[in-house]
Amino acid sequence: ILTVDNLVSLIDKSSSGLSCAWERNSTAWPISSSVYEDSMSPEEDIAYIKEYLKDRLTILDDYINHPPIIKIGDSYALINEEAHTIFCSLPPGADTVQEVSWECWPGAEVYMELLSLGEIGLYKDDFSEYSGIMANGRNTGEITIYIDNPRKDVEYPELNLLEEKVLLNGWALDPESKEGTGVERILVFDGPQTNKENFLGEASYGLSRPDVAQHFGNANYENSGYELCINTFHMENGKHELYIYVCDKNGGYSLEIYPIEVENKNNEADEIKESKTAKLENGGYYDFENFIYHGNWIINDKGTERTYDFWLTTGDVPIAVIDTNNQLINNQDKINAEVKIMYHDSGENNFINENNIDFTGRLGIKIRGKSSQGFPKKQYSIEIVDDEGNDMNVSLLGMPKEADWILGAPYTDKTFMRNMLAFELSNQMGYYAPRTRFVELFLNDREDLIMEGGYEGIYMLTERIKRDDDRVNIQTLDADDTDISGGYILEISSIDRVKENESSFTTERGTTFTNIYPDKKRITAEQKEWISGYINELEKLIYSDDFLDEKEGYAQYLDTGSLINYMIINELFKNRSLFWESTYLYKDRGGKLMVGPVWDFDLSAGKKGLTPEANNTLGWRYEDKLWIEQIFQDKKFVGEFIKKWNYFRQGPISDENIENIIDSNVEFLEDARIRNYKKWDILGKGVWPSCPPIPETYEEEIDTIKSWFFERTEWIDENIDSLLNNK
């Protein structure tokens, strides 16, 4: 079935009669190539699919023989073959030495090549080899040493830590040498060599320098170049002298002293060191001093060498690992899985190990969402359960206990900020919104292990909107209650989005509400009739002649204070979903209908549509919206809206506070977002809904959303009084 010939045959059979239909379809549904970067014709697309499937089968066949998992210490490293990346963690031990064992497929040879992010030095138990060279050598001064100007290394500009590097290069030779260059090795120290504390590393020698050979007219000098990446991260700011010892084959050396200026942004404690390429024996051990962050993992399999970008899951962001025991996650029924969440609340870095467990247990998991199910990065509903499969309320990452949670997947929102920011601002205003925590997710289901390597990127562990003393704090409503005036939680939706397992009703004016609490399994016919009657009566009053009557009007049914808070957040974000979908309301026993909590801001703050006009900062979002446009005809309501807007502009929704929240989360996600965008290569690319120009980098995404908010608040400040003047 899965042969190339059979797949090509199926594609040809399916597409053979579509040539005329393609033209009509593209006329009816034109797609902007500037947004989607897709200018292929249907024929080119078909050819692309055939070639893709051929390549994909080759890769999958290879995975059968070369499993995408290797074991490093007590952790399992997951190989993303397509991105040439390995994700794993090597947790630091009690001292500075790491004993790291590893297992790979039989017959493979593995090498480690590490980038330096801290003090440079070879990984050796002592310094005897180098101290012996220098102690026994003599300064002959016979070797000619040339130093090119050291330059800042720009190979990895996305890693801020790597900015504290200079690349030292040049050439060296003995003009009297009759064979080769006469140079054996080059050692570099920070000042006169004393011990390994000021040893900066051994330069790579033997690099091609045809210009040197041509200058001297001696072919022996062809490979006289050297290069050393010097990490100044641990060095004190100010002037330093590089002592460059160039050793010959007879035990002598020549010394060159070269001054450099160190201007680091900071001088934190040494954490990470650099190693030359080192072969790791299968099943053996290799000692690393301090903690390694990033480098290359090279696997040589019977002469075929593969190099992988090697990332360790460390940083401020908690880590969640979900193992489905080889079950595929679907969007219908929850499957059973195991979960571990790793987090140090003391501020230490987080690793995949047993020493920093925030929670470990069992859960049910399924894909959630509506339009988001079309994205490759899926959202998930999770339910914590006990060994018998019953709901179990637990606290995750410091949030109040509950069994039901959501793993939100920021995908179209490349800043990761919109939902988190809206929820945080609402809570700062004293108006409950779901609590959230960023996590990095590893998902070990069968398909993801084979296809993607298990790493899923940055997620938002989020509270569900539920009746709870610590969430939507309303009265429980049981089937035998005689007073059925509360509590209820409702969601405004559309009839086509209501699922079979959900209870809903539609008002006389055509508005659909889903019963979130009590849900379909627990709500009685009498309760459903009562709350639907209440909503219908409110809707009638909103559009009645008695609309503004203080005793008989809409305000006797609706809490206007909650609506004002809700509208401030939604107008600030110009939220696309406002009173259309994902709009929640609740009613306590004996109380009025409350609006909120706020929810679903993925498509807001400049992420509303495919045109600049749809994403601009101008205009009111409430216009043409269910109920709200009519309620904004109430001068008393508008006056309170203006008063509260101006009040909160001095605190929670001030430009300064918005920027501070964004900046603090940018810093928090600094390491994780690099890994996320290695997994999801979408920066600078059109992801629905996007409109040109599309920011090329994460920094540009952040600058864009900040500018959007500042322009939006400025427009509202300048136009909010007109709401009252126009009534």
# chains A, B, ... in the order shown; residues from 1 in each chain; ligands from 1
>>> select_by_dssp(residues="stretch 471-520 of chain A", states="strand (DSSP E)", output="PyMOL selection string")
chain A and resi 488-493+503-506+512-517
>>> select_by_dssp(residues="stretch 499-584 of chain A", states="helix (DSSP H, G or I)", output="ChimeraX atom specification")
/A:525-542,554-556,560-573
>>> write_last_selection(atoms="N, CA, C and O atoms", output="short mmCIF file (atom, residue, chain, number, x, y, z; two decimals), in the first residue's frame")
data_model
loop_
_atom_site.label_atom_id
_atom_site.label_comp_id
_atom_site.auth_asym_id
_atom_site.auth_seq_id
_atom_site.Cartn_x
_atom_site.Cartn_y
_atom_site.Cartn_z
N ALA A 525 -34.18 19.44 32.56
CA ALA A 525 -35.02 20.16 31.60
C ALA A 525 -35.56 21.44 32.22
O ALA A 525 -35.65 22.48 31.56
N GLU A 526 -35.90 21.38 33.51
CA GLU A 526 -36.44 22.55 34.19
C GLU A 526 -35.39 23.65 34.31
O GLU A 526 -35.68 24.84 34.09
N GLN A 527 -34.14 23.27 34.64
CA GLN A 527 -33.06 24.25 34.75
C GLN A 527 -32.76 24.89 33.40
O GLN A 527 -32.55 26.11 33.31
N LYS A 528 -32.71 24.08 32.36
CA LYS A 528 -32.43 24.61 31.02
C LYS A 528 -33.52 25.58 30.59
O LYS A 528 -33.25 26.64 30.00
N GLU A 529 -34.75 25.24 30.89
CA GLU A 529 -35.87 26.12 30.54
C GLU A 529 -35.79 27.42 31.33
O GLU A 529 -36.06 28.50 30.79
N TRP A 530 -35.38 27.34 32.61
CA TRP A 530 -35.32 28.55 33.44
C TRP A 530 -34.27 29.52 32.91
O TRP A 530 -34.54 30.70 32.73
N ILE A 531 -33.04 29.04 32.67
CA ILE A 531 -31.97 29.95 32.26
C ILE A 531 -32.21 30.47 30.84
O ILE A 531 -31.91 31.63 30.54
N SER A 532 -32.78 29.65 29.96
CA SER A 532 -33.08 30.14 28.61
C SER A 532 -34.18 31.20 28.67
O SER A 532 -34.14 32.20 27.91
N GLY A 533 -35.15 31.04 29.61
CA GLY A 533 -36.19 32.06 29.77
C GLY A 533 -35.61 33.36 30.31
O GLY A 533 -36.01 34.46 29.87
N TYR A 534 -34.65 33.26 31.22
CA TYR A 534 -34.00 34.45 31.78
C TYR A 534 -33.26 35.22 30.69
O TYR A 534 -33.37 36.46 30.58
N ILE A 535 -32.51 34.50 29.85
CA ILE A 535 -31.73 35.15 28.78
C ILE A 535 -32.67 35.78 27.76
O ILE A 535 -32.43 36.91 27.27
N ASN A 536 -33.75 35.09 27.42
CA ASN A 536 -34.71 35.64 26.46
C ASN A 536 -35.35 36.92 26.99
O ASN A 536 -35.54 37.89 26.25
N GLU A 537 -35.67 36.93 28.26
CA GLU A 537 -36.28 38.11 28.86
C GLU A 537 -35.31 39.29 28.85
O GLU A 537 -35.69 40.44 28.56
N LEU A 538 -34.03 39.01 29.18
CA LEU A 538 -33.02 40.06 29.14
C LEU A 538 -32.88 40.61 27.72
O LEU A 538 -32.82 41.84 27.52
N GLU A 539 -32.83 39.74 26.76
CA GLU A 539 -32.66 40.17 25.37
C GLU A 539 -33.84 41.03 24.92
O GLU A 539 -33.66 42.04 24.22
N LYS A 540 -35.04 40.65 25.34
CA LYS A 540 -36.22 41.45 24.99
C LYS A 540 -36.13 42.85 25.59
O LYS A 540 -36.43 43.85 24.94
N LEU A 541 -35.69 42.94 26.86
CA LEU A 541 -35.59 44.23 27.52
C LEU A 541 -34.54 45.12 26.87
O LEU A 541 -34.70 46.34 26.80
N ILE A 542 -33.45 44.53 26.41
CA ILE A 542 -32.39 45.32 25.77
C ILE A 542 -32.93 46.05 24.54
O ILE A 542 -32.54 47.19 24.25
N TYR A 554 -33.11 46.75 31.24
CA TYR A 554 -32.18 45.62 31.14
C TYR A 554 -31.28 45.47 32.36
O TYR A 554 -30.82 44.37 32.70
N ALA A 555 -31.01 46.58 33.08
CA ALA A 555 -30.06 46.55 34.18
C ALA A 555 -30.55 45.73 35.37
O ALA A 555 -29.75 45.36 36.23
N GLN A 556 -31.84 45.44 35.42
CA GLN A 556 -32.32 44.60 36.51
C GLN A 556 -31.92 43.14 36.30
O GLN A 556 -31.94 42.35 37.24
N THR A 560 -24.03 45.52 34.99
CA THR A 560 -23.33 46.39 34.04
C THR A 560 -21.86 46.60 34.41
O THR A 560 -21.03 46.83 33.54
N GLY A 561 -21.53 46.49 35.72
CA GLY A 561 -20.13 46.64 36.12
C GLY A 561 -19.25 45.56 35.51
O GLY A 561 -18.13 45.84 35.03
N SER A 562 -19.72 44.31 35.51
CA SER A 562 -18.94 43.22 34.91
C SER A 562 -18.81 43.41 33.41
O SER A 562 -17.77 43.11 32.82
N LEU A 563 -19.88 43.92 32.77
CA LEU A 563 -19.82 44.16 31.32
C LEU A 563 -18.81 45.26 31.00
O LEU A 563 -18.08 45.16 30.00
N ILE A 564 -18.75 46.30 31.82
CA ILE A 564 -17.78 47.39 31.58
C ILE A 564 -16.35 46.85 31.67
O ILE A 564 -15.52 47.12 30.80
N ASN A 565 -16.04 46.09 32.72
CA ASN A 565 -14.69 45.50 32.82
C ASN A 565 -14.38 44.62 31.62
O ASN A 565 -13.26 44.65 31.09
N TYR A 566 -15.36 43.83 31.24
CA TYR A 566 -15.18 42.92 30.10
C TYR A 566 -14.92 43.70 28.82
O TYR A 566 -14.03 43.36 28.03
N MET A 567 -15.65 44.80 28.62
CA MET A 567 -15.52 45.58 27.40
C MET A 567 -14.20 46.36 27.37
O MET A 567 -13.63 46.58 26.29
N ILE A 568 -13.70 46.77 28.52
CA ILE A 568 -12.42 47.49 28.54
C ILE A 568 -11.31 46.60 27.99
O ILE A 568 -10.51 47.03 27.14
N ILE A 569 -11.25 45.35 28.45
CA ILE A 569 -10.22 44.43 27.95
C ILE A 569 -10.44 44.14 26.47
O ILE A 569 -9.49 44.16 25.67
N ASN A 570 -11.66 43.88 26.07
CA ASN A 570 -11.92 43.50 24.69
C ASN A 570 -11.75 44.66 23.72
O ASN A 570 -11.31 44.47 22.58
N GLU A 571 -12.08 45.87 24.15
CA GLU A 571 -11.83 47.03 23.29
C GLU A 571 -10.34 47.33 23.21
O GLU A 571 -9.83 47.71 22.15
N LEU A 572 -9.63 47.17 24.32
CA LEU A 572 -8.19 47.37 24.31
C LEU A 572 -7.53 46.46 23.28
O LEU A 572 -6.67 46.89 22.51
N PHE A 573 -7.94 45.19 23.25
CA PHE A 573 -7.36 44.22 22.33
C PHE A 573 -8.06 44.20 20.97
O PHE A 573 -7.60 43.53 20.06
#
>>> residues_around(residues="stretch 327-336 of chain A", least_positions_apart="6", cutoff="6 Å", atoms="only C-alpha atoms", output="VMD selection string")
chain A and resid 363 to 367 445
>>> closest_residue(among="A:Phe189, A:Phe709, A:Trp627, A:Phe513", to="A:Lys574", atoms="only C-alpha atoms")
A:Phe709
>>> residues_around(residues="A:Leu421", least_positions_apart="3", cutoff="8 Å", atoms="only C-alpha atoms", output="PDB file with N, CA and C atoms, in the first residue's frame")
ATOM      1  N   MET A 417       1.949  36.007  23.561  1.00  0.00           N
ATOM      2  CA  MET A 417       1.577  36.934  24.626  1.00  0.00           C
ATOM      3  C   MET A 417       0.086  37.241  24.739  1.00  0.00           C
ATOM      4  N   ARG A 418      -0.674  37.143  23.676  1.00  0.00           N
ATOM      5  CA  ARG A 418      -1.991  37.772  23.665  1.00  0.00           C
ATOM      6  C   ARG A 418      -2.920  37.229  24.744  1.00  0.00           C
ATOM      7  N   GLU A 424      -3.867  38.383  32.400  1.00  0.00           N
ATOM      8  CA  GLU A 424      -3.133  39.057  33.469  1.00  0.00           C
ATOM      9  C   GLU A 424      -3.718  40.445  33.739  1.00  0.00           C
ATOM     10  N   LEU A 425      -4.007  41.198  32.677  1.00  0.00           N
ATOM     11  CA  LEU A 425      -4.571  42.534  32.865  1.00  0.00           C
ATOM     12  C   LEU A 425      -5.941  42.461  33.538  1.00  0.00           C
ATOM     13  N   ILE A 658       1.687  47.565  30.474  1.00  0.00           N
ATOM     14  CA  ILE A 658       1.596  46.620  29.354  1.00  0.00           C
ATOM     15  C   ILE A 658       2.990  46.267  28.860  1.00  0.00           C
ATOM     16  N   ILE A 661       4.915  43.961  31.387  1.00  0.00           N
ATOM     17  CA  ILE A 661       4.478  42.560  31.366  1.00  0.00           C
ATOM     18  C   ILE A 661       5.055  41.853  30.149  1.00  0.00           C
ATOM     19  N   ILE A 662       5.005  42.504  28.990  1.00  0.00           N
ATOM     20  CA  ILE A 662       5.556  41.901  27.774  1.00  0.00           C
ATOM     21  C   ILE A 662       7.047  41.662  27.941  1.00  0.00           C
TER      22      ILE A 662
END
>>> residues_around(residues="A:Asn419", least_positions_apart="6", cutoff="10 Å", atoms="only C-alpha atoms", output="list of chain:residue names")
A:Gly408, A:Pro410, A:Asp413, A:Pro434, A:Thr436, A:Met460, A:Thr462, A:Val598, A:Trp599, A:Asp600, A:Phe601, A:Asp602, A:Leu603, A:Ser604
>>> write_last_selection(atoms="N, CA, C and O atoms", output="compact mmCIF listing (two decimals), in the first residue's frame")
# COMPACT_ATOMS: atom_id res chain seq x y z
N GLY A 408 -2.84 25.22 25.99
CA GLY A 408 -3.02 26.09 24.83
C GLY A 408 -1.75 26.15 24.01
O GLY A 408 -0.64 26.10 24.54
N PRO A 410 0.15 28.50 21.51
CA PRO A 410 0.36 29.72 20.73
C PRO A 410 1.04 29.39 19.41
O PRO A 410 2.19 28.93 19.40
N ASP A 413 -0.21 33.29 17.08
CA ASP A 413 0.35 34.38 17.89
C ASP A 413 1.82 34.09 18.15
O ASP A 413 2.18 33.36 19.07
N PRO A 434 -8.77 33.25 33.80
CA PRO A 434 -8.00 32.02 34.05
C PRO A 434 -6.51 32.29 34.27
O PRO A 434 -5.90 33.11 33.58
N THR A 436 -2.57 31.27 34.10
CA THR A 436 -1.79 30.57 33.08
C THR A 436 -0.34 30.43 33.53
O THR A 436 0.15 31.24 34.31
N MET A 460 0.81 27.00 26.86
CA MET A 460 0.26 27.69 28.02
C MET A 460 -0.64 26.73 28.80
O MET A 460 -1.69 26.33 28.30
N THR A 462 -3.29 26.27 31.23
CA THR A 462 -4.31 27.26 31.55
C THR A 462 -5.48 26.63 32.29
O THR A 462 -5.89 25.50 31.98
N VAL A 598 -12.98 36.75 30.73
CA VAL A 598 -12.47 36.95 29.37
C VAL A 598 -11.80 35.67 28.90
O VAL A 598 -11.26 34.89 29.69
N TRP A 599 -11.81 35.48 27.57
CA TRP A 599 -11.29 34.22 27.01
C TRP A 599 -11.00 34.41 25.52
O TRP A 599 -11.67 35.16 24.84
N ASP A 600 -9.97 33.71 25.04
CA ASP A 600 -9.68 33.56 23.61
C ASP A 600 -9.29 34.88 22.93
O ASP A 600 -10.10 35.55 22.29
N PHE A 601 -8.00 35.22 23.05
CA PHE A 601 -7.48 36.45 22.45
C PHE A 601 -6.41 36.16 21.39
O PHE A 601 -5.61 37.03 21.07
N ASP A 602 -6.39 34.94 20.87
CA ASP A 602 -5.43 34.62 19.81
C ASP A 602 -5.58 35.54 18.61
O ASP A 602 -4.59 35.96 18.00
N LEU A 603 -6.84 35.83 18.26
CA LEU A 603 -7.11 36.66 17.08
C LEU A 603 -7.51 38.05 17.54
O LEU A 603 -8.65 38.48 17.41
N SER A 604 -6.53 38.76 18.10
CA SER A 604 -6.77 40.11 18.59
C SER A 604 -5.46 40.89 18.49
O SER A 604 -4.43 40.35 18.07
>>> closest_residue(among="A:Asp386, A:Asp588, A:Asp721, A:Glu305", to="A:Glu338", atoms="only C-alpha atoms")
A:Asp386
>>> atom_distance(atom1="atom CA of A:Asp470", atom2="atom CA of A:Ser493")
25.1 Å
>>> residues_around(residues="stretch 181-183 of chain A", least_positions_apart="2", cutoff="9 Å", atoms="only C-alpha atoms", output="list in words")
Ile143, Ala172, Leu173, Asp174, Pro175, Glu176, Ser177, Lys178, Glu179, Arg185, Ile186, Tyr205, Gly206, Asn220, Tyr221, Glu222, Asn223, Ser224, Val246, Cys247, Asp248, Lys249 and Tyr253 of chain A
>>> residues_around(residues="A:Pro612", least_positions_apart="3", cutoff="12 Å", atoms="only C-alpha atoms", output="list in words")
Val35, Gly606, Lys607, Lys608, Gly609, Asn615, Asn616, Thr617, Leu618, Pro689, Ser690, Cys691, Pro692, Pro693, Ile694 and Trp708 of chain A
>>> write_last_selection(atoms="N, CA, C and O atoms", output="mmCIF file, in the first residue's frame")
data_model
loop_
_atom_site.group_PDB
_atom_site.id
_atom_site.type_symbol
_atom_site.label_atom_id
_atom_site.label_comp_id
_atom_site.auth_asym_id
_atom_site.auth_seq_id
_atom_site.Cartn_x
_atom_site.Cartn_y
_atom_site.Cartn_z
ATOM 1 N N VAL A 35 0.699 36.534 1.275
ATOM 2 C CA VAL A 35 0.443 36.096 2.644
ATOM 3 C C VAL A 35 0.926 34.672 2.861
ATOM 4 O O VAL A 35 1.586 34.344 3.831
ATOM 5 N N GLY A 606 -4.169 43.150 16.512
ATOM 6 C CA GLY A 606 -3.488 43.136 15.226
ATOM 7 C C GLY A 606 -3.461 41.790 14.543
ATOM 8 O O GLY A 606 -2.777 41.631 13.525
ATOM 9 N N LYS A 607 -4.188 40.778 15.083
ATOM 10 C CA LYS A 607 -4.251 39.457 14.460
ATOM 11 C C LYS A 607 -5.710 39.106 14.169
ATOM 12 O O LYS A 607 -6.218 38.075 14.586
ATOM 13 N N LYS A 608 -6.356 39.977 13.408
ATOM 14 C CA LYS A 608 -7.779 39.777 13.168
ATOM 15 C C LYS A 608 -8.077 39.276 11.760
ATOM 16 O O LYS A 608 -8.979 38.479 11.547
ATOM 17 N N GLY A 609 -7.333 39.754 10.769
ATOM 18 C CA GLY A 609 -7.673 39.407 9.397
ATOM 19 C C GLY A 609 -6.474 39.427 8.483
ATOM 20 O O GLY A 609 -5.324 39.483 8.911
ATOM 21 N N ASN A 615 -6.738 44.947 10.712
ATOM 22 C CA ASN A 615 -5.876 44.880 11.881
ATOM 23 C C ASN A 615 -5.459 46.246 12.416
ATOM 24 O O ASN A 615 -4.563 46.329 13.254
ATOM 25 N N ASN A 616 -6.091 47.313 11.929
ATOM 26 C CA ASN A 616 -5.661 48.630 12.373
ATOM 27 C C ASN A 616 -6.108 48.893 13.812
ATOM 28 O O ASN A 616 -6.886 48.137 14.394
ATOM 29 N N THR A 617 -5.622 49.964 14.368
ATOM 30 C CA THR A 617 -5.880 50.286 15.779
ATOM 31 C C THR A 617 -7.069 51.222 15.956
ATOM 32 O O THR A 617 -7.354 51.645 17.075
ATOM 33 N N LEU A 618 -7.768 51.522 14.881
ATOM 34 C CA LEU A 618 -8.850 52.505 14.924
ATOM 35 C C LEU A 618 -10.201 51.827 15.085
ATOM 36 O O LEU A 618 -10.389 50.668 14.729
ATOM 37 N N PRO A 689 -4.289 34.106 10.660
ATOM 38 C CA PRO A 689 -4.466 35.170 9.675
ATOM 39 C C PRO A 689 -3.307 36.171 9.756
ATOM 40 O O PRO A 689 -3.034 36.708 10.822
ATOM 41 N N SER A 690 -2.631 36.402 8.662
ATOM 42 C CA SER A 690 -1.511 37.334 8.629
ATOM 43 C C SER A 690 -1.661 38.254 7.434
ATOM 44 O O SER A 690 -2.183 37.850 6.396
ATOM 45 N N CYS A 691 -1.209 39.465 7.593
ATOM 46 C CA CYS A 691 -1.197 40.382 6.463
ATOM 47 C C CYS A 691 0.180 41.030 6.375
ATOM 48 O O CYS A 691 0.824 41.260 7.393
ATOM 49 N N PRO A 692 0.650 41.258 5.167
ATOM 50 C CA PRO A 692 1.966 41.900 5.013
ATOM 51 C C PRO A 692 1.944 43.312 5.582
ATOM 52 O O PRO A 692 0.897 43.954 5.583
ATOM 53 N N PRO A 693 3.099 43.844 6.038
ATOM 54 C CA PRO A 693 4.384 43.138 6.112
ATOM 55 C C PRO A 693 4.440 42.209 7.324
ATOM 56 O O PRO A 693 3.925 42.547 8.392
ATOM 57 N N ILE A 694 5.054 41.049 7.144
ATOM 58 C CA ILE A 694 5.152 40.061 8.210
ATOM 59 C C ILE A 694 6.499 40.206 8.908
ATOM 60 O O ILE A 694 7.537 40.149 8.253
ATOM 61 N N TRP A 708 1.402 48.335 18.373
ATOM 62 C CA TRP A 708 -0.050 48.224 18.167
ATOM 63 C C TRP A 708 -0.792 48.691 19.424
ATOM 64 O O TRP A 708 -1.749 49.472 19.332
#
>>> atom_distance(atom1="atom CA of A:Phe648", atom2="atom CA of A:Ser426")
10.5 Å
>>> atom_distance(atom1="atom CA of A:Leu397", atom2="atom CA of A:Arg437")
7.3 Å
>>> closest_residue(among="A:Lys50, A:Arg24, A:Val212, A:Glu502", to="A:Leu10", atoms="only C-alpha atoms")
A:Lys50
